[in-house]
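See below for the structure under consideration.
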Amino acid sequence: MTPVYLASAQMYSALGADLQSAAAACSEGRLPTPEWFMLREFNQQRPYLRAVGAGVPLRQRLGTMIAEHDDGRLSDCLLILASTTLDISGIECRVAAGETLGNDIAPALDTLADELRGAWGFASAFTLNTACTSAANGLLYAARLVAENRYRRALVLAFESPSEVTRQGFAVLELTSASGSYRPFHPERDGLILGEAYAAVMLSREPGQAPLGRLLGGFSACDTSSLTSTLEDGSHIDWVIRRALQDAELTPAQIGVAKLHGTATQANDRAESNGMRRTFGEALLPMCVLKPYLGHTLGACGLSETLLMLQALRQGPLPAVGYGEHALLPLTAEPLRVPADSLLLANYFGFGGNNASLVLQGIAA
């Protein structure tokens, strides 16, 4: 794939109200403090990571993020919305206010994209909802359209807003941590912690004034062996990673660091561990996990974690993993110092078996 620049970016998350403060907290190993919600099915508490400055209506939040990229020429720009929840949180608010749930308050998936396209004058707009890979796929599709000169630029907006349907659903499936300790690849891991995040990136063939990095390639595919997960032997994950590297015209040996998906669920962590060993052998490269710092932001993680990784590399080391010697993969017990311009692999392996890997290169500040 022809490389495309991540020309400008922003993020609201549990780590901070901007990308720079989030990266500083991550580099310093400062984990956010979760709030707790009641799992009604079992009358138990479960953790959740709210974004700093939470409570802003979704459309207002997205409008603010678009405004920061609006240069009066969005007519040459594609808009992609990537999310799992989309309008669900808004529907829940209307029902809580007394409206009756029905087709009249349940908009089509593309309604929000169409509203924003019309309000801001984008050339085109559409949505992506492929579970945990939504934003990763949004980056891939947008980059390829820009690289092929279909659009001069593309703005990818990824978000995961608080939704009771999502929180209750994941908890009932026993995928969320009861302990409140988010420990990907730990032998005693007990599940994920969901998180709220809103992220945006402008993709362009030109670097702009302060580019964050370059997207060199990637690959995405569905593992149809199961309705809910991917093969635990890692064979599909290995295939996806190798195809992503091929798309970027790189070999495994050239990658400087890998950002693991690391949900801390039993099957997904086993599958990723086996897949990484298939690709890289036992001489594994440096690896990091970022979900403990953001929560699992579901459809937004393909952008929120990618941006956090790139920005953290510019500001300081990637965070240590205190239990690294016990993990399924050899995670570093010391802060991981990697040059900001390293070649990077970012994994996103989603519920439903949709798997994606991105290959990027950071750019020093």
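Each chain in the structure tokens gets a letter, A, B and so on, in the order shown; residues start at 1 in every chain, and ligands are counted from 1 in the order they appear.
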
Skipping near chain neighbours, those fewer than 2 positions away, what residues fall within 6 Å of range 334-346 of chain A using only C-alpha atoms, listed as a VMD selection string?
chain A and resid 255 to 259 313 to 314 317 to 320 332 357 to 364

Set the distance at 7 Å and use only C-alpha atoms: which residues neighbour Arg189 in chain A once local chain neighbours fewer than 5 positions away are removed? I'd like the list as a ChimeraX atom specification.
/A:183-184,264

File dump, residues just selected, all heavy atoms, as a tab-separated table (two decimals), in the first residue's frame:
chain	number	residue	atom	x	y	z
A	183	ARG	N	-5.42	-7.39	33.35
A	183	ARG	CA	-4.12	-8.05	33.22
A	183	ARG	C	-4.06	-8.93	31.98
A	183	ARG	O	-4.16	-10.16	32.08
A	183	ARG	CB	-3.84	-8.87	34.48
A	183	ARG	CG	-3.81	-8.06	35.77
A	183	ARG	CD	-3.47	-8.93	36.96
A	183	ARG	NE	-4.49	-9.94	37.22
A	183	ARG	CZ	-4.41	-10.87	38.17
A	183	ARG	NH1	-3.33	-10.92	38.93
A	183	ARG	NH2	-5.37	-11.74	38.34
A	184	PRO	N	-3.91	-8.33	30.80
A	184	PRO	CA	-3.79	-9.15	29.58
A	184	PRO	C	-2.63	-10.14	29.67
A	184	PRO	O	-1.55	-9.81	30.16
A	184	PRO	CB	-3.54	-8.10	28.49
A	184	PRO	CG	-4.11	-6.83	29.03
A	184	PRO	CD	-3.86	-6.89	30.51
A	264	ALA	N	-7.41	-9.73	27.65
A	264	ALA	CA	-7.42	-10.40	28.96
A	264	ALA	C	-8.59	-11.37	29.10
A	264	ALA	O	-8.92	-11.77	30.22
A	264	ALA	CB	-7.40	-9.41	30.12

For Phe170 in chain A, which of A:Ser134, A:Thr265, A:Thr251, A:Asn103 is the closest residue, counting only C-alpha atoms?
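Going through A:Ser134, A:Thr265, A:Thr251, A:Asn103 one by one, the smallest distance to Phe170 in chain A is for A:Thr265.
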
Give me, as a list in words, all polymer residues having an atom no more than 10 Å from range 226-232 of chain A, counting only C-alpha atoms and skipping those fewer than 2 positions away in the same chain.
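Residues meeting the cut-off are Cys222, Asp223, Thr224, Gly234, Ser235, His236, Ile237, Gln266, Ala267, Asn268, Asp269, Arg270, Ala271, Glu272, Ser273, Asn274, Gly275, Phe349, Gly350, Phe351, Gly352, Gly353, Asn354 and Asn355 of chain A.
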
Since we have the selection now, will you write its residues out, keeping N, CA, C and O atoms, as a JSON list (two decimals), in the first residue's frame?
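Result went into again30.json, see below:
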[["chain", "number", "residue", "atom", "x", "y", "z"],
["A", 222, "CYS", "N", -12.01, -12.09, 8.10],
["A", 222, "CYS", "CA", -12.87, -12.77, 9.07],
["A", 222, "CYS", "C", -12.51, -14.25, 9.15],
["A", 222, "CYS", "O", -12.39, -14.92, 8.12],
["A", 223, "ASP", "N", -12.34, -14.73, 10.38],
["A", 223, "ASP", "CA", -12.16, -16.15, 10.64],
["A", 223, "ASP", "C", -13.55, -16.75, 10.81],
["A", 223, "ASP", "O", -14.24, -16.49, 11.80],
["A", 224, "THR", "N", -13.99, -17.53, 9.85],
["A", 224, "THR", "CA", -15.35, -18.07, 9.85],
["A", 224, "THR", "C", -15.45, -19.42, 10.55],
["A", 224, "THR", "O", -16.46, -20.11, 10.44],
["A", 234, "GLY", "N", -3.93, -19.89, 16.77],
["A", 234, "GLY", "CA", -3.25, -18.70, 16.24],
["A", 234, "GLY", "C", -3.01, -18.70, 14.75],
["A", 234, "GLY", "O", -2.40, -17.76, 14.22],
["A", 235, "SER", "N", -3.51, -19.71, 14.03],
["A", 235, "SER", "CA", -3.19, -19.82, 12.60],
["A", 235, "SER", "C", -3.81, -18.68, 11.79],
["A", 235, "SER", "O", -3.17, -18.14, 10.88],
["A", 236, "HIS", "N", -5.03, -18.29, 12.11],
["A", 236, "HIS", "CA", -5.65, -17.19, 11.35],
["A", 236, "HIS", "C", -4.98, -15.86, 11.69],
["A", 236, "HIS", "O", -4.74, -15.02, 10.80],
["A", 237, "ILE", "N", -4.64, -15.67, 12.95],
["A", 237, "ILE", "CA", -3.95, -14.45, 13.36],
["A", 237, "ILE", "C", -2.59, -14.35, 12.68],
["A", 237, "ILE", "O", -2.20, -13.28, 12.18],
["A", 266, "GLN", "N", -9.92, -15.26, 28.13],
["A", 266, "GLN", "CA", -9.15, -16.49, 28.06],
["A", 266, "GLN", "C", -8.79, -16.89, 26.64],
["A", 266, "GLN", "O", -7.62, -17.07, 26.28],
["A", 267, "ALA", "N", -9.79, -17.04, 25.77],
["A", 267, "ALA", "CA", -9.54, -17.57, 24.43],
["A", 267, "ALA", "C", -8.77, -16.58, 23.56],
["A", 267, "ALA", "O", -7.87, -16.97, 22.81],
["A", 268, "ASN", "N", -9.11, -15.29, 23.65],
["A", 268, "ASN", "CA", -8.48, -14.31, 22.76],
["A", 268, "ASN", "C", -7.00, -14.17, 23.06],
["A", 268, "ASN", "O", -6.17, -14.09, 22.15],
["A", 269, "ASP", "N", -6.63, -14.14, 24.33],
["A", 269, "ASP", "CA", -5.21, -14.03, 24.68],
["A", 269, "ASP", "C", -4.43, -15.28, 24.24],
["A", 269, "ASP", "O", -3.28, -15.17, 23.78],
["A", 270, "ARG", "N", -5.03, -16.46, 24.37],
["A", 270, "ARG", "CA", -4.35, -17.67, 23.91],
["A", 270, "ARG", "C", -4.13, -17.63, 22.41],
["A", 270, "ARG", "O", -3.06, -17.97, 21.90],
["A", 271, "ALA", "N", -5.17, -17.23, 21.67],
["A", 271, "ALA", "CA", -5.06, -17.17, 20.21],
["A", 271, "ALA", "C", -3.98, -16.19, 19.77],
["A", 271, "ALA", "O", -3.17, -16.49, 18.89],
["A", 272, "GLU", "N", -3.94, -15.02, 20.39],
["A", 272, "GLU", "CA", -2.93, -14.02, 20.00],
["A", 272, "GLU", "C", -1.53, -14.49, 20.38],
["A", 272, "GLU", "O", -0.58, -14.30, 19.61],
["A", 273, "SER", "N", -1.38, -15.11, 21.55],
["A", 273, "SER", "CA", -0.07, -15.62, 21.95],
["A", 273, "SER", "C", 0.44, -16.64, 20.94],
["A", 273, "SER", "O", 1.60, -16.59, 20.51],
["A", 274, "ASN", "N", -0.43, -17.56, 20.54],
["A", 274, "ASN", "CA", -0.03, -18.58, 19.58],
["A", 274, "ASN", "C", 0.25, -17.96, 18.20],
["A", 274, "ASN", "O", 1.19, -18.37, 17.51],
["A", 275, "GLY", "N", -0.55, -16.99, 17.82],
["A", 275, "GLY", "CA", -0.33, -16.34, 16.53],
["A", 275, "GLY", "C", 0.98, -15.59, 16.47],
["A", 275, "GLY", "O", 1.71, -15.65, 15.47],
["A", 349, "PHE", "N", -7.96, -7.94, 17.23],
["A", 349, "PHE", "CA", -8.59, -9.22, 16.93],
["A", 349, "PHE", "C", -9.93, -9.28, 17.63],
["A", 349, "PHE", "O", -10.01, -9.41, 18.85],
["A", 350, "GLY", "N", -11.01, -9.19, 16.85],
["A", 350, "GLY", "CA", -12.30, -8.86, 17.41],
["A", 350, "GLY", "C", -13.24, -10.01, 17.69],
["A", 350, "GLY", "O", -13.11, -11.11, 17.16],
["A", 351, "PHE", "N", -14.22, -9.70, 18.54],
["A", 351, "PHE", "CA", -15.34, -10.59, 18.80],
["A", 351, "PHE", "C", -16.06, -10.88, 17.48],
["A", 351, "PHE", "O", -16.32, -9.98, 16.70],
["A", 352, "GLY", "N", -16.32, -12.12, 17.22],
["A", 352, "GLY", "CA", -16.90, -12.52, 15.95],
["A", 352, "GLY", "C", -15.87, -12.98, 14.95],
["A", 352, "GLY", "O", -16.21, -13.36, 13.83],
["A", 353, "GLY", "N", -14.59, -12.95, 15.33],
["A", 353, "GLY", "CA", -13.55, -13.49, 14.47],
["A", 353, "GLY", "C", -13.03, -12.56, 13.40],
["A", 353, "GLY", "O", -12.31, -12.99, 12.50],
["A", 354, "ASN", "N", -13.37, -11.26, 13.46],
["A", 354, "ASN", "CA", -12.78, -10.31, 12.51],
["A", 354, "ASN", "C", -11.43, -9.87, 13.06],
["A", 354, "ASN", "O", -11.33, -9.36, 14.16],
["A", 355, "ASN", "N", -10.37, -10.13, 12.30],
["A", 355, "ASN", "CA", -9.00, -9.86, 12.74],
["A", 355, "ASN", "C", -8.34, -8.85, 11.82],
["A", 355, "ASN", "O", -8.49, -8.92, 10.60]]

Within range 10-121 of chain A, find each residue whose DSSP state, derived from the backbone, is strand (DSSP E), and express the selection as a PyMOL selection string.
chain A and resi 10-12+35-39+44-49+77-83

Please dump the current selection as a PDB file, in the first residue's frame; keep C-alpha atoms.
ATOM      1  CA  GLN A  10      -6.892  14.008  18.946  1.00  0.00           C
ATOM      2  CA  MET A  11      -8.402  11.845  21.670  1.00  0.00           C
ATOM      3  CA  TYR A  12     -10.611  12.049  24.759  1.00  0.00           C
ATOM      4  CA  GLU A  35     -15.954   3.626  38.382  1.00  0.00           C
ATOM      5  CA  TRP A  36     -18.214   0.683  39.190  1.00  0.00           C
ATOM      6  CA  PHE A  37     -21.630  -0.228  37.789  1.00  0.00           C
ATOM      7  CA  MET A  38     -24.136  -2.826  38.959  1.00  0.00           C
ATOM      8  CA  LEU A  39     -24.419  -6.019  36.926  1.00  0.00           C
ATOM      9  CA  GLN A  44     -22.488  -7.685  41.360  1.00  0.00           C
ATOM     10  CA  GLN A  45     -20.234  -4.697  40.698  1.00  0.00           C
ATOM     11  CA  ARG A  46     -18.134  -4.373  37.542  1.00  0.00           C
ATOM     12  CA  PRO A  47     -15.530  -1.693  36.615  1.00  0.00           C
ATOM     13  CA  TYR A  48     -15.788   0.870  33.821  1.00  0.00           C
ATOM     14  CA  LEU A  49     -13.374   3.584  32.630  1.00  0.00           C
ATOM     15  CA  CYS A  77     -12.484  14.953   2.562  1.00  0.00           C
ATOM     16  CA  LEU A  78     -14.056  11.559   3.250  1.00  0.00           C
ATOM     17  CA  LEU A  79     -15.632  11.003   6.684  1.00  0.00           C
ATOM     18  CA  ILE A  80     -15.610   7.560   8.292  1.00  0.00           C
ATOM     19  CA  LEU A  81     -17.359   6.832  11.595  1.00  0.00           C
ATOM     20  CA  ALA A  82     -16.101   3.708  13.365  1.00  0.00           C
ATOM     21  CA  SER A  83     -17.916   2.453  16.430  1.00  0.00           C
TER      22      SER A  83
END

Could you list, as a count of residues only, every residue within 6 Å of Leu215 in chain A, counting only C-alpha atoms and ignoring same-chain residues fewer than 2 positions away?
4

Can you tell me, as a PyMOL selection string, which residues in range 55-231 of chain A count as alpha helix (DSSP H) by DSSP?
chain A and resi 58-67+88-96+111-120+134-147+164-172

Store the residues of this selection in a file with C-alpha atoms, as a tab-separated table (two decimals), in the first residue's frame.
chain	number	residue	atom	x	y	z
A	58	LEU	CA	-22.25	12.46	21.38
A	59	ARG	CA	-23.14	14.77	18.49
A	60	GLN	CA	-21.61	17.74	20.33
A	61	ARG	CA	-18.44	15.76	21.02
A	62	LEU	CA	-18.10	14.67	17.38
A	63	GLY	CA	-18.84	18.19	16.17
A	64	THR	CA	-16.09	19.59	18.39
A	65	MET	CA	-13.60	17.09	17.01
A	66	ILE	CA	-14.56	17.84	13.42
A	67	ALA	CA	-14.25	21.57	14.07
A	88	ILE	CA	-27.23	3.21	21.18
A	89	SER	CA	-26.33	5.49	24.09
A	90	GLY	CA	-28.54	8.25	22.65
A	91	ILE	CA	-31.45	5.85	22.29
A	92	GLU	CA	-30.99	4.74	25.90
A	93	CYS	CA	-31.14	8.37	27.06
A	94	ARG	CA	-34.41	8.94	25.18
A	95	VAL	CA	-35.97	5.80	26.63
A	96	ALA	CA	-34.84	6.82	30.13
A	111	THR	CA	-28.02	8.35	9.88
A	112	LEU	CA	-25.34	9.92	12.06
A	113	ALA	CA	-22.78	9.83	9.24
A	114	ASP	CA	-25.28	11.46	6.86
A	115	GLU	CA	-26.08	14.19	9.39
A	116	LEU	CA	-22.42	15.06	9.86
A	117	ARG	CA	-21.69	14.95	6.13
A	118	GLY	CA	-24.49	17.41	5.45
A	119	ALA	CA	-23.64	19.73	8.35
A	120	TRP	CA	-19.92	19.98	7.58
A	134	SER	CA	-14.12	-1.12	13.53
A	135	ALA	CA	-11.59	1.70	13.77
A	136	ALA	CA	-8.69	-0.42	12.48
A	137	ASN	CA	-10.76	-1.24	9.42
A	138	GLY	CA	-11.74	2.42	9.16
A	139	LEU	CA	-8.07	3.39	9.03
A	140	LEU	CA	-7.32	0.75	6.40
A	141	TYR	CA	-10.23	1.62	4.14
A	142	ALA	CA	-9.68	5.36	4.44
A	143	ALA	CA	-5.93	5.04	3.79
A	144	ARG	CA	-6.46	2.96	0.67
A	145	LEU	CA	-9.00	5.40	-0.74
A	146	VAL	CA	-6.66	8.31	-0.08
A	147	ALA	CA	-3.67	6.41	-1.49
A	164	GLU	CA	-25.92	-0.10	29.37
A	165	VAL	CA	-26.64	-2.64	26.62
A	166	THR	CA	-22.90	-3.03	26.02
A	167	ARG	CA	-21.83	-3.05	29.66
A	168	GLN	CA	-24.52	-5.43	30.83
A	169	GLY	CA	-24.05	-7.68	27.80
A	170	PHE	CA	-20.31	-8.13	28.19
A	171	ALA	CA	-20.65	-8.66	31.93
A	172	VAL	CA	-23.39	-11.30	31.57

Pick from A:Phe185, A:Trp239, A:Tyr151, A:Phe122 nearest to Met287 in chain A, counting only C-alpha atoms
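Using only C-alpha atoms, the shortest distance to Met287 in chain A belongs to A:Phe185.
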
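Every protein or nucleic acid residue with an atom no more than 8 Å from Tyr348 in chain A, counting only C-alpha atoms and leaving out same-chain residues fewer than 6 positions away, appears here: Cys132, Thr133, Ala136, Leu260, His261, Cys301, Gly302, Asn355, Ala356 and Ser357 of chain A.
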
Create the file for the chosen residues now, containing all heavy atoms and written as a short mmCIF file (atom, residue, chain, number, x, y, z; two decimals), in the first residue's frame.
data_model
loop_
_atom_site.label_atom_id
_atom_site.label_comp_id
_atom_site.auth_asym_id
_atom_site.auth_seq_id
_atom_site.Cartn_x
_atom_site.Cartn_y
_atom_site.Cartn_z
N CYS A 132 -14.47 -5.10 17.55
CA CYS A 132 -13.23 -4.47 18.03
C CYS A 132 -12.34 -3.96 16.91
O CYS A 132 -11.40 -3.21 17.17
CB CYS A 132 -12.43 -5.46 18.87
SG CYS A 132 -13.35 -6.21 20.21
N THR A 133 -12.59 -4.37 15.68
CA THR A 133 -11.75 -3.94 14.56
C THR A 133 -12.35 -2.76 13.80
O THR A 133 -11.81 -2.38 12.76
CB THR A 133 -11.54 -5.11 13.59
OG1 THR A 133 -12.81 -5.57 13.13
CG2 THR A 133 -10.80 -6.26 14.26
N ALA A 136 -9.83 0.08 13.27
CA ALA A 136 -8.69 -0.42 12.48
C ALA A 136 -9.09 -0.57 11.03
O ALA A 136 -8.34 -0.18 10.11
CB ALA A 136 -8.20 -1.74 13.05
N LEU A 260 0.00 -5.31 21.24
CA LEU A 260 -0.88 -6.48 21.26
C LEU A 260 -2.33 -6.07 21.50
O LEU A 260 -2.61 -5.04 22.12
CB LEU A 260 -0.42 -7.44 22.35
CG LEU A 260 1.04 -7.93 22.23
CD1 LEU A 260 1.42 -8.74 23.46
CD2 LEU A 260 1.23 -8.75 20.97
N HIS A 261 -3.25 -6.91 21.02
CA HIS A 261 -4.67 -6.63 21.26
C HIS A 261 -4.98 -6.84 22.74
O HIS A 261 -5.56 -5.98 23.38
CB HIS A 261 -5.53 -7.53 20.37
CG HIS A 261 -6.99 -7.19 20.41
ND1 HIS A 261 -7.46 -5.92 20.16
CD2 HIS A 261 -8.09 -7.96 20.68
CE1 HIS A 261 -8.79 -5.91 20.26
NE2 HIS A 261 -9.18 -7.12 20.59
N CYS A 301 -11.00 1.06 19.60
CA CYS A 301 -9.64 0.73 20.04
C CYS A 301 -8.64 0.74 18.88
O CYS A 301 -7.46 1.02 19.09
CB CYS A 301 -9.61 -0.61 20.77
SG CYS A 301 -9.77 -2.09 19.75
N GLY A 302 -9.09 0.46 17.66
CA GLY A 302 -8.19 0.48 16.51
C GLY A 302 -7.59 1.84 16.25
O GLY A 302 -6.52 1.95 15.63
N ASN A 355 -10.37 -10.13 12.30
CA ASN A 355 -9.00 -9.86 12.74
C ASN A 355 -8.34 -8.85 11.82
O ASN A 355 -8.49 -8.92 10.60
CB ASN A 355 -8.19 -11.16 12.75
CG ASN A 355 -8.70 -12.16 13.76
OD1 ASN A 355 -9.18 -11.78 14.82
ND2 ASN A 355 -8.62 -13.44 13.44
N ALA A 356 -7.61 -7.91 12.41
CA ALA A 356 -6.91 -6.90 11.63
C ALA A 356 -5.57 -6.58 12.26
O ALA A 356 -5.43 -6.56 13.49
CB ALA A 356 -7.75 -5.62 11.53
N SER A 357 -4.57 -6.34 11.42
CA SER A 357 -3.27 -5.87 11.86
C SER A 357 -2.86 -4.68 11.00
O SER A 357 -3.08 -4.69 9.78
CB SER A 357 -2.20 -6.97 11.75
OG SER A 357 -2.40 -7.98 12.72
#

List as a PyMOL selection string the protein and nucleic acid residues near Ile193 in chain A, meaning an atom at most 8 Å away when only C-alpha atoms are counted, but skip any in the same chain fewer than 4 places from it.
chain A and resi 47-49+176-177+180+182+292+295-296

Export of the given selection (N, CA and C atoms) as a short mmCIF file (atom, residue, chain, number, x, y, z; two decimals), in the first residue's frame:
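This is the output file out_13.cif:
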data_model
loop_
_atom_site.label_atom_id
_atom_site.label_comp_id
_atom_site.auth_asym_id
_atom_site.auth_seq_id
_atom_site.Cartn_x
_atom_site.Cartn_y
_atom_site.Cartn_z
N PRO A 47 -16.22 -2.97 36.86
CA PRO A 47 -15.53 -1.69 36.61
C PRO A 47 -15.80 -1.14 35.22
N TYR A 48 -15.65 0.19 35.11
CA TYR A 48 -15.79 0.87 33.82
C TYR A 48 -14.91 2.11 33.85
N LEU A 49 -14.25 2.42 32.72
CA LEU A 49 -13.37 3.58 32.63
C LEU A 49 -14.04 4.68 31.81
N THR A 176 -16.06 -9.59 31.56
CA THR A 176 -15.52 -8.43 32.25
C THR A 176 -14.91 -8.81 33.59
N SER A 177 -13.91 -8.06 34.00
CA SER A 177 -13.15 -8.36 35.22
C SER A 177 -13.98 -8.06 36.47
N GLY A 180 -11.38 -5.93 38.94
CA GLY A 180 -10.97 -4.56 38.61
C GLY A 180 -9.52 -4.45 38.22
N TYR A 182 -6.94 -5.18 35.33
CA TYR A 182 -6.90 -5.50 33.89
C TYR A 182 -5.51 -6.07 33.59
N PRO A 292 -5.05 -1.70 29.57
CA PRO A 292 -5.19 -1.29 30.98
C PRO A 292 -5.24 0.22 31.17
N GLY A 295 -8.89 1.10 28.97
CA GLY A 295 -10.01 0.17 28.95
C GLY A 295 -10.13 -0.40 27.55
N HIS A 296 -10.96 -1.40 27.42
CA HIS A 296 -11.23 -1.91 26.07
C HIS A 296 -12.27 -1.00 25.44
#
